[in-house]
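Let me begin by presenting the structure, written as structure tokens, before commenting on it.
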Amino acid sequence: MNRTILASVALLACALAASGPAQADDTLKKIKDSGVVTEGVRDSSGVLSFTLGDGKYTGFHYEVCARIIADVQKHLGMAKLETKYQPVTSQNRIPLVENGTVDLECGSTTNNAARQKDVAFAPTLYVEEVRIAVKANSGIKGIADLNGKTIATTTGTTSVQLLRKNKRAAGMDFKELNGKDHSDSFLLLESGRADAFVMDGQILAGLIAKSKSPGDYRIVGELPGFVTEML
């Protein structure tokens, strides 16, 4: 059975209506019966969701989810609702929502038709462009310069899929390397194993800002870029 990602107040209002999705009702009943809501959180998703250490998280989508959980508690008439945090990755976030391990997920999860077959999405809260991070001395200035290069991306993301569909990438040949998370993908670029890292612009900017030598990197690519809709 598909489960529901509750990720905005707008969706929550719909899910709580009498005619709301059965999946949402199942999730709310589970929360009511257990007294616990399990939130899938991202350790490294730029400013959208990231870890502070010691099991603490913050970020834009994390804050949105916290407000939704407070509304769920109020709607269910619960004096107390415990929130547990389950770290998720780009690769396992959808399956963990689908099988009920987590009740909702906050982070950079693109809403597309393929994923809608497995989970339900909130209305779009955030729209981002996929960009290209490179070494400043690489000579890479745009998509055309990626031909014959090695490109890093993160397992389970849609960035390289979008790149391959971009008309400027038609007929291009490049090798793809996958990091287990965004930090691992950036390490592929940093270490020289990849010539470029293709990912959401704000994630790239955050990783560069926290790197040992931010001035060694550039974010490039034609504007407007290839857009990905985010939760």
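We label chains A, B, ... in the order they appear in the structure tokens, count residues from 1 in each chain, and number ligands from 1 in the order shown.
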Surrounding residues of segment 57-70 of chain A excluding itself and chain neighbours under 4 positions, 6 Å, only C-alpha atoms, as JSON, numbers by chain: {"A": [7, 47, 48, 49, 50, 51, 52, 106, 107]}
Next, write the just-selected residues to a file, as a CSV table (one decimal), in the first residue's frame, keeping N, CA and C atoms as the atom set.
```csv
chain,number,residue,atom,x,y,z
A,7,ALA,N,4.0,16.8,4.0
A,7,ALA,CA,5.1,17.7,4.0
A,7,ALA,C,4.7,19.1,3.8
A,47,VAL,N,20.5,23.6,2.9
A,47,VAL,CA,19.7,24.3,4.0
A,47,VAL,C,18.4,23.7,4.2
A,48,LEU,N,18.0,22.7,3.4
A,48,LEU,CA,16.6,22.1,3.6
A,48,LEU,C,16.6,21.2,4.8
A,49,SER,N,17.6,20.4,5.0
A,49,SER,CA,17.6,19.5,6.2
A,49,SER,C,19.1,19.1,6.4
A,50,PHE,N,19.6,19.3,7.6
A,50,PHE,CA,20.9,18.8,7.9
A,50,PHE,C,21.1,18.6,9.4
A,51,THR,N,22.1,17.8,9.7
A,51,THR,CA,22.3,17.4,11.1
A,51,THR,C,23.1,18.5,11.9
A,52,LEU,N,22.8,18.6,13.2
A,52,LEU,CA,23.6,19.4,14.1
A,52,LEU,C,24.5,18.6,15.0
A,106,CYS,N,11.4,14.7,5.4
A,106,CYS,CA,11.7,16.1,5.1
A,106,CYS,C,13.1,16.1,4.4
A,107,GLY,N,13.2,16.9,3.3
A,107,GLY,CA,14.4,17.0,2.6
A,107,GLY,C,14.2,17.3,1.1
```
Selection: 9 Å around Val88 of chain A, only C-alpha atoms, excl. self and same-chain fewer than 3 positions, as a short mmCIF file (atom, residue, chain, number, x, y, z; two decimals) with C-alpha atoms, in the first residue's frame:
```cif
data_model
loop_
_atom_site.label_atom_id
_atom_site.label_comp_id
_atom_site.auth_asym_id
_atom_site.auth_seq_id
_atom_site.Cartn_x
_atom_site.Cartn_y
_atom_site.Cartn_z
CA GLY A 40 12.70 10.73 7.96
CA VAL A 41 15.46 13.33 8.12
CA ARG A 42 18.44 14.13 5.91
CA ASP A 43 21.94 14.54 7.31
CA GLN A 91 18.39 5.93 -2.12
CA ASN A 92 16.16 4.66 0.70
CA ARG A 93 13.85 7.61 1.53
CA LEU A 96 11.10 3.75 3.97
CA GLU A 105 10.14 12.65 5.19
#
```
Point-to-point distance from atom CA of Gly46 of chain A to atom CA of Gly215 of chain A, Å rounded to tenths: 18.6 Å
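Nearest to Ile31 of chain A of all the residues A:Ser159, A:Asn137, A:Gln73, A:Asn112 is A:Gln73, based on only C-alpha atoms.
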Residues of segment 6-207 of chain A in strand (DSSP E or B), written as an MDAnalysis selection string: chainID A and resid 36:42 44:45 47 49:53 56:58 82:88 104:105 110 119:120 126:135 150:154 175:179 196:200
Among listed residues A:Leu187, A:Val97, A:Ile140, A:Leu163, nearest Asp200 of chain A (using only C-alpha atoms): A:Leu163
Length of the atom CA of Ala209 of chain A to atom CA of Ala169 of chain A vector [Å]: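 A separation of 28.0 Å between them.
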Point-to-point distance in Å for atom CA of Glu82 of chain A and atom CA of Gly100 of chain A: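 The value is 16.5 Å.
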Residue among A:Arg193, A:Lys74, A:His182, A:Lys84 lying closest to Thr153 of chain A, counting only C-alpha atoms: A:His182
Test item: residues at most 12 Å from Ser191 of chain A, only C-alpha atoms, excluding those fewer than 3 positions along its chain, as a PyMOL selection string: chain A and resi 134-135+152+184-188+194-197+211-212
Helix (DSSP H, G or I) positions in segment 149-226 of chain A, given as a PyMOL selection string: chain A and resi 159-165+167-169+182-190+201-209+214-216
Write out the residues from the selection above, keeping C-alpha atoms, as a CSV table (one decimal), in the first residue's frame.
```csv
chain,number,residue,atom,x,y,z
A,159,SER,CA,19.9,15.1,-11.3
A,160,VAL,CA,21.7,13.1,-13.9
A,161,GLN,CA,18.4,11.9,-15.3
A,162,LEU,CA,17.4,15.5,-15.9
A,163,LEU,CA,20.8,16.2,-17.4
A,164,ARG,CA,20.5,13.4,-19.9
A,165,LYS,CA,17.0,14.7,-20.9
A,167,LYS,CA,18.5,19.1,-25.2
A,168,ARG,CA,21.9,20.6,-24.7
A,169,ALA,CA,23.2,17.2,-23.6
A,182,HIS,CA,25.9,14.4,-1.1
A,183,SER,CA,29.1,14.7,1.0
A,184,ASP,CA,30.4,11.6,-0.6
A,185,SER,CA,29.6,12.9,-4.1
A,186,PHE,CA,31.4,16.1,-3.4
A,187,LEU,CA,34.4,14.2,-2.2
A,188,LEU,CA,34.5,12.6,-5.7
A,189,LEU,CA,34.9,16.0,-7.1
A,190,GLU,CA,37.3,17.2,-4.4
A,201,GLY,CA,22.3,24.5,-6.7
A,202,GLN,CA,21.8,25.2,-3.0
A,203,ILE,CA,23.3,21.8,-2.0
A,204,LEU,CA,26.3,22.5,-4.1
A,205,ALA,CA,26.7,26.0,-2.7
A,206,GLY,CA,26.5,24.7,0.8
A,207,LEU,CA,29.1,22.0,0.2
A,208,ILE,CA,31.5,24.4,-1.4
A,209,ALA,CA,31.1,26.9,1.4
A,214,PRO,CA,35.8,27.3,-1.3
A,215,GLY,CA,37.7,29.5,-3.8
A,216,ASP,CA,38.8,26.3,-5.7
```
Among the residues A:Phe174, A:Tyr126, A:Phe121, A:Tyr217, the one that comes closest to Ile151 of chain A [using only C-alpha atoms]: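 Smallest separation from Ile151 of chain A among the options: A:Phe174.
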Shortest interatomic distance to Glu128 of chain A - which of A:Ala113, A:Ser108, A:Ala79, A:Gly179, counting only C-alpha atoms: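 Ranked by minimum distance to Glu128 of chain A, first place goes to A:Ser108.
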With a distance cut-off of 8 Å and only C-alpha atoms, select the neighbouring residues of Asp173 of chain A, excluding the residue or stretch itself and same-chain residues fewer than 2 positions from it, and output the selection as a PDB file with N, CA and C atoms, in the first residue's frame.
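part23.pdb, written as the output of this step:
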```
ATOM      1  N   ASN A 147      31.025  16.674 -22.066  1.00  0.00           N
ATOM      2  CA  ASN A 147      31.212  15.544 -22.975  1.00  0.00           C
ATOM      3  C   ASN A 147      32.576  14.896 -22.728  1.00  0.00           C
ATOM      4  N   GLY A 148      32.559  13.578 -22.499  1.00  0.00           N
ATOM      5  CA  GLY A 148      33.786  12.840 -22.258  1.00  0.00           C
ATOM      6  C   GLY A 148      34.308  12.932 -20.839  1.00  0.00           C
ATOM      7  N   LYS A 149      33.559  13.605 -19.950  1.00  0.00           N
ATOM      8  CA  LYS A 149      33.999  13.797 -18.584  1.00  0.00           C
ATOM      9  C   LYS A 149      33.369  12.762 -17.644  1.00  0.00           C
ATOM     10  N   GLY A 171      23.437  13.604 -27.491  1.00  0.00           N
ATOM     11  CA  GLY A 171      24.608  13.031 -28.138  1.00  0.00           C
ATOM     12  C   GLY A 171      25.873  13.047 -27.302  1.00  0.00           C
ATOM     13  N   LYS A 175      30.861   9.601 -18.208  1.00  0.00           N
ATOM     14  CA  LYS A 175      30.859   8.531 -17.221  1.00  0.00           C
ATOM     15  C   LYS A 175      30.214   9.046 -15.942  1.00  0.00           C
TER      16      LYS A 175
END
```
Using only C-alpha atoms: which of A:Tyr85, A:Pro95, A:Asn166, A:Asp103 has the shortest distance to Ser34 of chain A: A:Asp103
